[in-house]
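Colleague: Just one file: run.pdb, with PDB, C-alpha atoms.
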ATOM      1  CA  MET A   1       7.830 249.294 127.547
ATOM      2  CA  GLU A   2       4.563 247.593 126.690
ATOM      3  CA  TYR A   3       1.187 249.140 125.963
ATOM      4  CA  GLN A   4      -2.251 247.529 125.832
ATOM      5  CA  SER A   5      -3.964 250.674 124.573
ATOM      6  CA  LEU A   6      -3.433 252.442 121.263
ATOM      7  CA  ALA A   7      -4.625 255.645 122.930
ATOM      8  CA  ASP A   8      -1.691 255.351 125.317
ATOM      9  CA  VAL A   9       0.638 254.732 122.375
ATOM     10  CA  ARG A  10      -0.644 257.867 120.633
ATOM     11  CA  ASP A  11       0.025 259.895 123.781
ATOM     12  CA  VAL A  12       3.576 258.588 124.056
ATOM     13  CA  LEU A  13       4.335 259.213 120.380
ATOM     14  CA  HIS A  14       3.412 262.908 120.571
ATOM     15  CA  GLY A  15       2.694 263.074 116.856
ATOM     16  CA  ARG A  16       5.825 261.228 115.717
ATOM     17  CA  LEU A  17       3.835 258.703 113.676
ATOM     18  CA  ASP A  18       1.288 261.137 112.302
ATOM     19  CA  ARG A  19       0.827 261.723 108.565
ATOM     20  CA  ALA A  20       3.345 264.550 108.377
ATOM     21  CA  VAL A  21       6.274 262.458 109.592
ATOM     22  CA  ALA A  22       5.469 258.747 109.191
ATOM     23  CA  PRO A  23       7.141 257.178 106.134
ATOM     24  CA  GLY A  24       3.863 255.774 104.802
ATOM     25  CA  LEU A  25       0.265 254.844 105.558
ATOM     26  CA  PHE A  26       1.056 251.454 107.071
ATOM     27  CA  SER A  27       3.354 252.851 109.753
ATOM     28  CA  ARG A  28       0.997 255.650 110.829
ATOM     29  CA  ILE A  29      -0.668 255.510 114.225
ATOM     30  CA  ASP A  30      -4.041 256.359 112.673
ATOM     31  CA  TRP A  31      -3.755 253.289 110.413
ATOM     32  CA  PHE A  32      -3.229 250.985 113.391
ATOM     33  CA  GLU A  33      -6.113 252.653 115.229
ATOM     34  CA  MET A  34      -8.501 252.222 112.277
ATOM     35  CA  LEU A  35      -7.404 248.665 111.573
ATOM     36  CA  HIS A  36      -7.780 247.572 115.172
ATOM     37  CA  ARG A  37     -11.110 249.323 115.694
ATOM     38  CA  HIS A  38     -12.782 247.957 112.581
ATOM     39  CA  CYS A  39     -11.092 244.594 111.919
ATOM     40  CA  LEU A  40      -9.182 243.377 114.970
ATOM     41  CA  SER A  41     -11.254 244.549 117.915
ATOM     42  CA  ASP A  42     -11.435 241.000 119.305
ATOM     43  CA  HIS A  43      -7.612 240.867 119.456
ATOM     44  CA  PRO A  44      -6.333 243.103 122.283
ATOM     45  CA  PRO A  45      -3.522 245.412 121.145
ATOM     46  CA  HIS A  46      -0.049 244.698 122.456
ATOM     47  CA  VAL A  47       2.501 247.314 121.441
ATOM     48  CA  LEU A  48       6.169 247.062 122.424
ATOM     49  CA  ARG A  49       8.735 249.858 122.499
ATOM     50  CA  ALA A  50      12.503 249.699 122.954
ATOM     51  CA  ARG A  51      14.526 252.883 123.372
ATOM     52  CA  ASP A  52      18.183 253.906 123.276
ATOM     53  CA  GLY A  53      18.515 257.649 123.666
ATOM     54  CA  GLU A  54      16.698 259.278 120.737
ATOM     55  CA  ASP A  55      16.347 255.984 118.872
ATOM     56  CA  GLU A  56      13.272 253.802 119.257
ATOM     57  CA  ALA A  57      11.813 250.621 117.799
ATOM     58  CA  TRP A  58       8.115 249.823 117.961
ATOM     59  CA  LEU A  59       6.269 246.570 117.297
ATOM     60  CA  PHE A  60       2.529 246.879 116.750
ATOM     61  CA  LEU A  61       1.075 243.496 117.701
ATOM     62  CA  ALA A  62      -2.297 242.015 118.615
ATOM     63  CA  ALA A  63      -3.148 239.078 120.849
ATOM     64  CA  PRO A  64      -5.475 236.501 119.218
ATOM     65  CA  ALA A  65      -5.112 234.193 122.245
ATOM     66  CA  THR A  66      -3.320 233.957 125.561
ATOM     67  CA  GLY A  67       0.403 233.588 124.996
ATOM     68  CA  GLN A  68       0.134 234.331 121.279
ATOM     69  CA  MET A  69       0.996 237.472 119.324
ATOM     70  CA  LYS A  70       0.478 238.397 115.709
ATOM     71  CA  ALA A  71       1.309 241.392 113.601
ATOM     72  CA  MET A  72      -1.336 244.091 113.829
ATOM     73  CA  ALA A  73      -2.153 243.593 110.158
ATOM     74  CA  ASN A  74      -4.591 241.859 107.852
ATOM     75  CA  TRP A  75      -5.404 241.612 104.137
ATOM     76  CA  TYR A  76      -5.714 245.411 103.903
ATOM     77  CA  SER A  77      -2.106 245.843 105.037
ATOM     78  CA  PHE A  78       0.349 246.110 102.156
ATOM     79  CA  GLU A  79       3.210 245.696 104.613
ATOM     80  CA  TRP A  80       4.036 245.337 108.294
ATOM     81  CA  GLY A  81       7.316 245.629 110.126
ATOM     82  CA  PRO A  82       9.130 247.225 113.041
ATOM     83  CA  VAL A  83       8.697 250.990 113.093
ATOM     84  CA  PHE A  84      11.883 252.891 113.861
ATOM     85  CA  LEU A  85      12.231 256.455 115.128
ATOM     86  CA  GLY A  86      15.500 258.362 115.242
ATOM     87  CA  ASP A  87      18.590 258.315 113.089
ATOM     88  CA  GLY A  88      20.244 255.212 114.540
ATOM     89  CA  ASP A  89      22.400 253.052 112.308
ATOM     90  CA  GLY A  90      21.833 249.407 111.511
ATOM     91  CA  ALA A  91      23.640 248.170 114.608
ATOM     92  CA  THR A  92      21.562 250.401 116.869
ATOM     93  CA  ARG A  93      18.331 249.248 115.313
ATOM     94  CA  GLN A  94      19.379 245.612 115.552
ATOM     95  CA  ALA A  95      20.099 246.064 119.258
ATOM     96  CA  LEU A  96      16.633 247.552 119.753
ATOM     97  CA  LEU A  97      15.080 244.562 118.002
ATOM     98  CA  ASP A  98      17.126 242.253 120.215
ATOM     99  CA  ALA A  99      15.621 243.920 123.284
ATOM    100  CA  LEU A 100      12.094 243.527 121.946
ATOM    101  CA  ALA A 101      12.667 239.858 121.093
ATOM    102  CA  ARG A 102      13.949 239.155 124.612
ATOM    103  CA  ARG A 103      10.951 240.868 126.143
ATOM    104  CA  LEU A 104       8.549 238.812 124.041
ATOM    105  CA  LEU A 105      10.274 235.604 125.136
ATOM    106  CA  GLU A 106       9.461 236.458 128.756
ATOM    107  CA  THR A 107       5.700 236.559 128.215
ATOM    108  CA  GLN A 108       4.713 234.816 124.965
ATOM    109  CA  ALA A 109       4.664 231.294 123.546
ATOM    110  CA  ARG A 110       4.157 231.949 119.846
ATOM    111  CA  ILE A 111       4.396 234.848 117.386
ATOM    112  CA  ASP A 112       3.125 235.176 113.777
ATOM    113  CA  LEU A 113       4.362 238.144 111.749
ATOM    114  CA  TYR A 114       3.129 238.948 108.204
ATOM    115  CA  PRO A 115       3.457 240.678 105.717
ATOM    116  CA  LEU A 116       7.155 241.505 105.934
ATOM    117  CA  GLU A 117       9.295 242.765 103.068
ATOM    118  CA  ALA A 118      12.509 241.895 104.900
ATOM    119  CA  SER A 119      12.609 239.300 107.653
ATOM    120  CA  ALA A 120      16.345 238.886 108.309
ATOM    121  CA  PRO A 121      16.904 241.537 111.047
ATOM    122  CA  LEU A 122      13.827 240.599 113.066
ATOM    123  CA  LEU A 123      14.374 236.876 112.558
ATOM    124  CA  ALA A 124      17.992 237.189 113.732
ATOM    125  CA  SER A 125      16.872 239.001 116.882
ATOM    126  CA  LEU A 126      14.230 236.414 117.674
ATOM    127  CA  ARG A 127      16.705 233.571 117.264
ATOM    128  CA  ARG A 128      19.347 235.283 119.400
ATOM    129  CA  ALA A 129      16.747 235.730 122.124
ATOM    130  CA  GLY A 130      16.036 231.993 122.100
ATOM    131  CA  TRP A 131      13.010 231.686 119.826
ATOM    132  CA  ILE A 132      12.689 228.940 117.227
ATOM    133  CA  GLY A 133      12.142 231.220 114.263
ATOM    134  CA  VAL A 134      11.176 230.289 110.701
ATOM    135  CA  SER A 135      10.851 232.662 107.754
ATOM    136  CA  ARG A 136       8.991 231.657 104.600
ATOM    137  CA  ALA A 137       7.713 233.332 101.453
ATOM    138  CA  MET A 138       3.992 234.081 101.410
ATOM    139  CA  GLY A 139       2.937 235.788  98.198
ATOM    140  CA  GLY A 140       4.073 239.092  96.772
ATOM    141  CA  ARG A 141       3.500 242.825  96.485
ATOM    142  CA  TYR A 142       3.311 244.483  93.067
ATOM    143  CA  LEU A 143       4.893 247.860  92.303
ATOM    144  CA  LEU A 144       5.327 250.243  89.410
ATOM    145  CA  ASP A 145       8.223 252.687  89.629
ATOM    146  CA  VAL A 146       7.266 255.430  87.204
ATOM    147  CA  GLN A 147      10.807 256.848  86.898
ATOM    148  CA  GLY A 148       9.697 260.143  85.389
ATOM    149  CA  ARG A 149       7.744 258.623  82.489
ATOM    150  CA  SER A 150       4.585 260.148  81.120
ATOM    151  CA  PHE A 151       1.511 257.960  81.017
ATOM    152  CA  ALA A 152       1.928 257.605  77.230
ATOM    153  CA  GLU A 153       5.460 256.295  77.719
ATOM    154  CA  TYR A 154       4.317 253.905  80.449
ATOM    155  CA  TRP A 155       1.353 252.711  78.386
ATOM    156  CA  ALA A 156       3.498 252.028  75.325
ATOM    157  CA  ALA A 157       5.427 249.474  77.392
ATOM    158  CA  ARG A 158       2.329 247.523  78.508
ATOM    159  CA  PRO A 159       1.656 244.069  77.067
ATOM    160  CA  GLY A 160       0.039 244.154  73.640
ATOM    161  CA  ARG A 161      -2.995 242.188  74.818
ATOM    162  CA  LEU A 162      -3.801 244.822  77.462
ATOM    163  CA  ARG A 163      -3.364 247.754  75.085
ATOM    164  CA  SER A 164      -5.473 245.984  72.480
ATOM    165  CA  LEU A 165      -8.222 245.289  75.009
ATOM    166  CA  VAL A 166      -8.385 248.931  76.098
ATOM    167  CA  ARG A 167      -8.360 250.094  72.477
ATOM    168  CA  ARG A 168     -11.189 247.749  71.466
ATOM    169  CA  LYS A 169     -13.374 248.278  74.508
ATOM    170  CA  GLY A 170     -12.708 251.999  74.540
ATOM    171  CA  ARG A 171     -14.218 252.502  71.093
ATOM    172  CA  ALA A 172     -17.725 253.905  71.585
ATOM    173  CA  SER A 173     -17.494 253.032  75.273
ATOM    174  CA  PRO A 174     -20.731 253.718  77.170
ATOM    175  CA  PHE A 175     -18.861 254.627  80.349
ATOM    176  CA  ALA A 176     -18.332 258.033  81.903
ATOM    177  CA  LEU A 177     -15.106 257.869  83.942
ATOM    178  CA  SER A 178     -14.355 260.094  86.927
ATOM    179  CA  VAL A 179     -12.009 260.327  89.892
ATOM    180  CA  GLU A 180     -13.186 262.035  93.087
ATOM    181  CA  ASP A 181     -10.931 263.338  95.844
ATOM    182  CA  ARG A 182     -13.655 264.306  98.324
ATOM    183  CA  LEU A 183     -15.938 261.691  99.851
ATOM    184  CA  THR A 184     -19.670 262.260 100.215
ATOM    185  CA  ASP A 185     -22.394 259.980 101.516
ATOM    186  CA  ALA A 186     -23.768 259.658  97.986
ATOM    187  CA  LEU A 187     -20.393 258.604  96.589
ATOM    188  CA  TRP A 188     -19.969 256.039  99.331
ATOM    189  CA  ASP A 189     -23.430 254.650  98.654
ATOM    190  CA  ASP A 190     -22.398 254.274  94.999
ATOM    191  CA  TYR A 191     -19.201 252.500  96.053
ATOM    192  CA  VAL A 192     -21.109 250.031  98.232
ATOM    193  CA  ALA A 193     -23.692 249.424  95.503
ATOM    194  CA  VAL A 194     -21.004 248.466  92.984
ATOM    195  CA  HIS A 195     -19.338 246.159  95.444
ATOM    196  CA  ALA A 196     -22.630 244.386  96.087
ATOM    197  CA  ARG A 197     -22.863 243.609  92.350
ATOM    198  CA  SER A 198     -19.235 242.612  91.922
ATOM    199  CA  TRP A 199     -17.633 239.203  91.779
ATOM    200  CA  LYS A 200     -16.255 239.696  95.268
ATOM    201  CA  ALA A 201     -17.603 238.006  98.363
ATOM    202  CA  PRO A 202     -19.386 240.225 100.887
ATOM    203  CA  GLU A 203     -16.851 242.789 102.058
ATOM    204  CA  PRO A 204     -15.849 242.101 105.682
ATOM    205  CA  GLY A 205     -14.152 245.463 106.129
ATOM    206  CA  LEU A 206     -16.413 248.143 104.702
ATOM    207  CA  GLU A 207     -16.249 250.085 107.944
ATOM    208  CA  LEU A 208     -12.450 250.229 107.717
ATOM    209  CA  LEU A 209     -12.566 251.296 104.072
ATOM    210  CA  ARG A 210     -15.110 254.003 104.905
ATOM    211  CA  ALA A 211     -12.927 255.278 107.758
ATOM    212  CA  LEU A 212      -9.873 255.247 105.491
ATOM    213  CA  ALA A 213     -11.728 257.056 102.712
ATOM    214  CA  GLU A 214     -13.004 259.706 105.116
ATOM    215  CA  ARG A 215      -9.601 260.335 106.634
ATOM    216  CA  GLU A 216      -7.811 260.466 103.289
ATOM    217  CA  SER A 217     -10.545 262.682 101.853
ATOM    218  CA  ARG A 218      -9.951 265.253 104.586
ATOM    219  CA  ALA A 219      -6.250 265.200 103.712
ATOM    220  CA  GLY A 220      -6.879 265.518  99.972
ATOM    221  CA  ALA A 221      -5.284 262.101  99.418
ATOM    222  CA  LEU A 222      -8.366 260.132  98.346
ATOM    223  CA  ARG A 223      -8.807 259.027  94.747
ATOM    224  CA  LEU A 224     -12.181 257.310  94.370
ATOM    225  CA  GLY A 225     -12.771 256.295  90.761
ATOM    226  CA  PHE A 226     -16.046 255.410  89.049
ATOM    227  CA  ALA A 227     -17.227 254.124  85.709
ATOM    228  CA  ARG A 228     -20.886 254.979  85.128
ATOM    229  CA  ILE A 229     -23.561 254.296  82.514
ATOM    230  CA  ASP A 230     -26.249 256.981  82.446
ATOM    231  CA  GLY A 231     -25.244 257.956  85.962
ATOM    232  CA  LEU A 232     -25.383 254.395  87.328
ATOM    233  CA  PRO A 233     -22.059 253.305  88.879
ATOM    234  CA  VAL A 234     -20.820 249.996  87.443
ATOM    235  CA  ALA A 235     -17.143 249.951  88.477
ATOM    236  CA  THR A 236     -15.202 251.606  91.252
ATOM    237  CA  GLN A 237     -11.667 251.765  92.608
ATOM    238  CA  LEU A 238     -10.420 253.085  95.941
ATOM    239  CA  TRP A 239      -6.928 254.621  95.741
ATOM    240  CA  THR A 240      -4.973 256.961  97.978
ATOM    241  CA  VAL A 241      -2.083 259.216  96.976
ATOM    242  CA  ASP A 242       0.457 260.518  99.462
ATOM    243  CA  ARG A 243       4.092 261.591  99.193
ATOM    244  CA  GLY A 244       4.274 260.622  95.560
ATOM    245  CA  VAL A 245       2.976 257.085  96.096
ATOM    246  CA  ALA A 246      -0.413 255.845  94.901
ATOM    247  CA  LEU A 247      -1.879 252.877  96.781
ATOM    248  CA  ILE A 248      -4.578 250.763  95.118
ATOM    249  CA  HIS A 249      -6.720 249.508  97.988
ATOM    250  CA  LYS A 250      -9.820 248.005  96.396
ATOM    251  CA  LEU A 251     -11.366 247.243  93.002
ATOM    252  CA  SER A 252     -14.994 246.339  92.259
ATOM    253  CA  HIS A 253     -17.160 246.112  89.161
ATOM    254  CA  ASP A 254     -20.581 244.875  88.145
ATOM    255  CA  ARG A 255     -19.937 241.340  86.943
ATOM    256  CA  ALA A 256     -22.920 241.509  84.573
ATOM    257  CA  LEU A 257     -20.840 243.932  82.470
ATOM    258  CA  ASP A 258     -17.665 241.862  82.225
ATOM    259  CA  HIS A 259     -17.972 241.808  78.443
ATOM    260  CA  LEU A 260     -17.543 245.607  78.352
ATOM    261  CA  SER A 261     -14.478 245.602  80.682
ATOM    262  CA  PRO A 262     -15.479 248.598  82.842
ATOM    263  CA  GLY A 263     -12.827 247.793  85.440
ATOM    264  CA  THR A 264     -10.016 247.707  82.889
ATOM    265  CA  LEU A 265     -11.102 250.994  81.308
ATOM    266  CA  LEU A 266     -11.345 252.600  84.743
ATOM    267  CA  SER A 267      -7.859 251.346  85.623
ATOM    268  CA  HIS A 268      -6.516 252.889  82.420
ATOM    269  CA  HIS A 269      -8.082 256.206  83.394
ATOM    270  CA  MET A 270      -6.856 256.111  86.996
ATOM    271  CA  PHE A 271      -3.298 255.179  86.057
ATOM    272  CA  ALA A 272      -3.281 258.123  83.644
ATOM    273  CA  CYS A 273      -4.580 260.490  86.334
ATOM    274  CA  ALA A 274      -2.027 259.254  88.879
ATOM    275  CA  ILE A 275       0.951 259.468  86.515
ATOM    276  CA  ASP A 276       0.166 262.636  84.552
ATOM    277  CA  GLY A 277      -2.058 264.395  87.096
ATOM    278  CA  ASP A 278      -0.678 263.544  90.526
ATOM    279  CA  ARG A 279       2.835 262.973  89.146
ATOM    280  CA  VAL A 280       3.358 259.978  91.417
ATOM    281  CA  GLY A 281       6.697 258.232  91.447
ATOM    282  CA  ARG A 282       5.268 254.864  92.416
ATOM    283  CA  ILE A 283       2.007 252.946  92.136
ATOM    284  CA  ASP A 284       1.522 250.091  94.595
ATOM    285  CA  TYR A 285      -0.986 247.356  93.774
ATOM    286  CA  GLY A 286      -0.619 245.785  97.180
ATOM    287  CA  THR A 287      -0.548 242.117  98.074
ATOM    288  CA  GLY A 288      -1.911 239.117  96.228
ATOM    289  CA  ASP A 289      -0.578 237.235  93.222
ATOM    290  CA  ASN A 290      -3.437 238.078  90.860
ATOM    291  CA  ASP A 291      -2.523 237.466  87.224
ATOM    292  CA  TYR A 292      -3.919 240.788  86.003
ATOM    293  CA  LYS A 293      -1.472 242.754  88.163
ATOM    294  CA  THR A 294       1.499 241.675  86.056
ATOM    295  CA  ASP A 295       0.045 243.510  83.049
ATOM    296  CA  TRP A 296       0.025 246.817  84.931
ATOM    297  CA  MET A 297       3.021 246.448  87.248
ATOM    298  CA  GLU A 298       6.732 245.973  86.550
ATOM    299  CA  ARG A 299       8.124 244.689  89.838
ATOM    300  CA  ARG A 300       7.179 242.080  92.412
ATOM    301  CA  ILE A 301       8.485 242.112  95.988
ATOM    302  CA  PRO A 302       8.281 238.732  97.760
ATOM    303  CA  LEU A 303       6.455 238.979 101.071
ATOM    304  CA  LEU A 304       7.620 236.972 104.034
ATOM    305  CA  ARG A 305       6.119 235.530 107.173
ATOM    306  CA  ILE A 306       7.918 234.812 110.425
ATOM    307  CA  ASP A 307       6.613 232.102 112.729
ATOM    308  CA  ALA A 308       8.373 232.065 116.099
ATOM    309  CA  PHE A 309       7.958 229.357 118.732
ATOM    310  CA  HIS A 310       9.075 229.416 122.355
ATOM    311  CA  PRO A 311      11.102 226.198 122.805
ATOM    312  CA  ARG A 312      10.076 225.811 126.438
ATOM    313  CA  TYR A 313       6.558 224.765 125.410
ATOM    314  CA  ALA A 314       6.419 221.152 124.236
ATOM    315  CA  SER A 315       3.178 221.899 122.424
ATOM    316  CA  ASN A 316       5.214 224.110 120.060
ATOM    317  CA  TRP A 317       7.691 221.454 118.935
ATOM    318  CA  LEU A 318       5.536 219.709 116.343
ATOM    319  CA  PRO A 319       4.117 222.950 114.830
ATOM    320  CA  ALA A 320       7.653 224.351 114.687
ATOM    321  CA  ALA A 321       8.917 221.270 112.867
ATOM    322  CA  ARG A 322       6.028 221.352 110.404
ATOM    323  CA  THR A 323       6.562 225.049 109.731
ATOM    324  CA  ALA A 324      10.282 224.518 109.128
ATOM    325  CA  ILE A 325       9.558 221.705 106.682
ATOM    326  CA  SER A 326       6.984 223.851 104.911
ATOM    327  CA  ALA A 327       9.563 226.629 104.522
ATOM    328  CA  LEU A 328      12.066 224.192 103.022
ATOM    329  CA  VAL A 329       9.705 222.676 100.476
ATOM    330  CA  GLY A 330       7.750 225.844  99.723
TER     331      GLY A 330
END
Take the structure from the file and write it as structure tokens.
Modeller:
Amino acid sequence: MEYQSLADVRDVLHGRLDRAVAPGLFSRIDWFEMLHRHCLSDHPPHVLRARDGEDEAWLFLAAPATGQMKAMANWYSFEWGPVFLGDGDGATRQALLDALARRLLETQARIDLYPLEASAPLLASLRRAGWIGVSRAMGGRYLLDVQGRSFAEYWAARPGRLRSLVRRKGRASPFALSVEDRLTDALWDDYVAVHARSWKAPEPGLELLRALAERESRAGALRLGFARIDGLPVATQLWTVDRGVALIHKLSHDRALDHLSPGTLLSHHMFACAIDGDRVGRIDYGTGDNDYKTDWMERRIPLLRIDAFHPRYASNWLPAARTAISALVG
């Protein structure tokens, strides 16, 4: 089955990818709805479903051009992949992916899928269906598995330079640190004001972040952190916490105050709140190989991209060859 409307997909799912049952944010139907509405509205949705009894496989895709499909994901997505429903074993799920790959071959010329944590099952299905498929590494995702530690135990294992920085900057710090779990218009205005003064380029997805913050606030899963001087917000972080996992979505700070390290001190506070307060089992820093993440995280998962080319189209041969060479030398 194929669907060109996420509203139709929601109707068919009957709540099976809602918060209560989906394994995580990035496989929830409301995530795909928010992402498409606010960031991918110019790419029509194209959602595929294969079914075998009670077992199902879903691919949430978008169409950037005629004959082309891409993962319904962007830089806000920590991960993307097939979404499975039911208790089917590996062979059953592989057969469902095979069916989806064959269906795509009937209608599409090219597919781009990223960010994947594991590409082998989907890549194998695409190749069996007749696609020229190439998998290559494209950055990483940074994780901290808390493993029952207190924040003090976690912090004692951080690099000396980070602990020293927090100790030095924390002495007589001018910042008041707070973490809010309910969004208000005033808090959002503060968030936007900090971002406007940060080192970041203009934020292309504020509407998505606002929608995410509102939805997670209603669920009690929002963690919106601030560092303030005399009430003025100078650093902010947008986290969510659900099912024992904290996701770090966005960081911003006033670059004029770099010498006081407000972002680092706020991170220290938020990690402590997540570990000792929320008792999370994992903190996920998301995608991007930023150097500072290695000081806070302990594990990196390589992220993968699949490029698939229909061999019937001669216009695909050269891009396929270039992609394969890039994967070999990369």
Colleague: Under the rule that all atoms listed in the file are counted, which of A:Trp75, A:Phe26, A:Trp31, A:Phe309 is the nearest residue to A:Arg110?
Modeller: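 Closest to A:Arg110 of all the choices is A:Phe309.
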Colleague: When you count only C-alpha atoms, which of these residues is closest to A:Leu116: A:Arg223, A:His253, A:His36, A:Arg305?
Modeller: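 Closest to A:Leu116, using only C-alpha atoms: A:Arg305.
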Colleague: For the PyMOL selection byres ((chain A and resi 248) around 8), applied here, can you spell out every residue it catches as a PDB file with C-alpha atoms, keeping the file's coordinate frame?
Modeller:
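That gives us part29.pdb:
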ATOM      1  CA  GLN A 237     -11.667 251.765  92.608  1.00  0.00           C
ATOM      2  CA  LEU A 238     -10.420 253.085  95.941  1.00  0.00           C
ATOM      3  CA  TRP A 239      -6.928 254.621  95.741  1.00  0.00           C
ATOM      4  CA  THR A 240      -4.973 256.961  97.978  1.00  0.00           C
ATOM      5  CA  ALA A 246      -0.413 255.845  94.901  1.00  0.00           C
ATOM      6  CA  LEU A 247      -1.879 252.877  96.781  1.00  0.00           C
ATOM      7  CA  HIS A 249      -6.720 249.508  97.988  1.00  0.00           C
ATOM      8  CA  LYS A 250      -9.820 248.005  96.396  1.00  0.00           C
ATOM      9  CA  LEU A 251     -11.366 247.243  93.002  1.00  0.00           C
ATOM     10  CA  ILE A 283       2.007 252.946  92.136  1.00  0.00           C
ATOM     11  CA  ASP A 284       1.522 250.091  94.595  1.00  0.00           C
ATOM     12  CA  TYR A 285      -0.986 247.356  93.774  1.00  0.00           C
ATOM     13  CA  GLY A 286      -0.619 245.785  97.180  1.00  0.00           C
TER      14      GLY A 286
END
Colleague: Counting only C-alpha atoms, note down every residue that has an atom within 9 Å of the point (-4.6, 243.1, 112.1) (file coordinates), as a PyMOL selection string.
Modeller: chain A and resi 32+35-36+39-41+43+61-62+70-77
Colleague: Taking into account all atoms listed in the file, which residue in the set A:Gly67, A:Ala7, A:Leu260, A:Ser27 is nearest to A:Ala172?
Modeller: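 Closest to A:Ala172, using all atoms listed in the file: A:Leu260.
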Colleague: If the PyMOL selection byres ((chain A and resi 276) around 10) is run on the structure shown, which residues does it catch, given as an MDAnalysis selection string?
Modeller: chainID A and resid 148:152 270:275 277:280
Colleague: Within 7 Å of stretch 205-210 of chain A, counting only C-alpha atoms, which residues show up once you throw out same-chain ones fewer than 2 positions away? Write them as a list of chain:residue names, please.
Modeller: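 Answer for this query is A:Met34, A:Leu35, A:His38, A:Cys39, A:Glu203, A:Leu212, A:Ala213, A:Glu214.
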Colleague: Considering all atoms listed in the file, state which residue in the set A:Asp242, A:Glu79, A:Asp254, A:Asp291 is at the smallest distance from A:Ala219.
Modeller: A:Asp242
Colleague: Please output stretch 212-217 of chain A, rebuilt to include all heavy atoms, as an mmCIF file, keeping the file's coordinate frame.
Modeller:
data_model
loop_
_atom_site.group_PDB
_atom_site.id
_atom_site.type_symbol
_atom_site.label_atom_id
_atom_site.label_comp_id
_atom_site.auth_asym_id
_atom_site.auth_seq_id
_atom_site.Cartn_x
_atom_site.Cartn_y
_atom_site.Cartn_z
ATOM 1 N N LEU A 212 -11.060 254.861 106.261
ATOM 2 C CA LEU A 212 -9.873 255.247 105.491
ATOM 3 C C LEU A 212 -10.225 256.311 104.457
ATOM 4 O O LEU A 212 -9.525 257.323 104.315
ATOM 5 C CB LEU A 212 -9.281 254.016 104.805
ATOM 6 C CG LEU A 212 -8.108 254.257 103.860
ATOM 7 C CD1 LEU A 212 -6.894 254.770 104.636
ATOM 8 C CD2 LEU A 212 -7.755 252.981 103.103
ATOM 9 N N ALA A 213 -11.326 256.098 103.737
ATOM 10 C CA ALA A 213 -11.728 257.056 102.712
ATOM 11 C C ALA A 213 -12.035 258.418 103.327
ATOM 12 O O ALA A 213 -11.663 259.466 102.771
ATOM 13 C CB ALA A 213 -12.941 256.527 101.952
ATOM 14 N N GLU A 214 -12.693 258.437 104.465
ATOM 15 C CA GLU A 214 -13.004 259.706 105.116
ATOM 16 C C GLU A 214 -11.744 260.446 105.543
ATOM 17 O O GLU A 214 -11.604 261.657 105.322
ATOM 18 C CB GLU A 214 -13.906 259.461 106.326
ATOM 19 C CG GLU A 214 -15.320 259.044 105.967
ATOM 20 C CD GLU A 214 -16.154 258.721 107.190
ATOM 21 O OE1 GLU A 214 -15.565 258.513 108.278
ATOM 22 O OE2 GLU A 214 -17.401 258.670 107.075
ATOM 23 N N ARG A 215 -10.827 259.699 106.146
ATOM 24 C CA ARG A 215 -9.601 260.335 106.634
ATOM 25 C C ARG A 215 -8.755 260.851 105.472
ATOM 26 O O ARG A 215 -8.234 261.973 105.504
ATOM 27 C CB ARG A 215 -8.798 259.341 107.478
ATOM 28 C CG ARG A 215 -7.599 259.957 108.191
ATOM 29 C CD ARG A 215 -6.921 258.921 109.063
ATOM 30 N NE ARG A 215 -7.769 258.520 110.167
ATOM 31 C CZ ARG A 215 -7.755 259.084 111.371
ATOM 32 N NH1 ARG A 215 -6.950 260.086 111.611
ATOM 33 N NH2 ARG A 215 -8.543 258.652 112.331
ATOM 34 N N GLU A 216 -8.619 260.039 104.429
ATOM 35 C CA GLU A 216 -7.811 260.466 103.289
ATOM 36 C C GLU A 216 -8.492 261.576 102.500
ATOM 37 O O GLU A 216 -7.825 262.435 101.908
ATOM 38 C CB GLU A 216 -7.503 259.264 102.399
ATOM 39 C CG GLU A 216 -6.701 258.170 103.096
ATOM 40 C CD GLU A 216 -5.422 258.684 103.739
ATOM 41 O OE1 GLU A 216 -4.483 259.030 103.005
ATOM 42 O OE2 GLU A 216 -5.377 258.779 104.994
ATOM 43 N N SER A 217 -9.811 261.593 102.499
ATOM 44 C CA SER A 217 -10.545 262.682 101.853
ATOM 45 C C SER A 217 -10.239 264.012 102.539
ATOM 46 O O SER A 217 -9.986 265.030 101.876
ATOM 47 C CB SER A 217 -12.051 262.396 101.898
ATOM 48 O OG SER A 217 -12.802 263.495 101.443
#
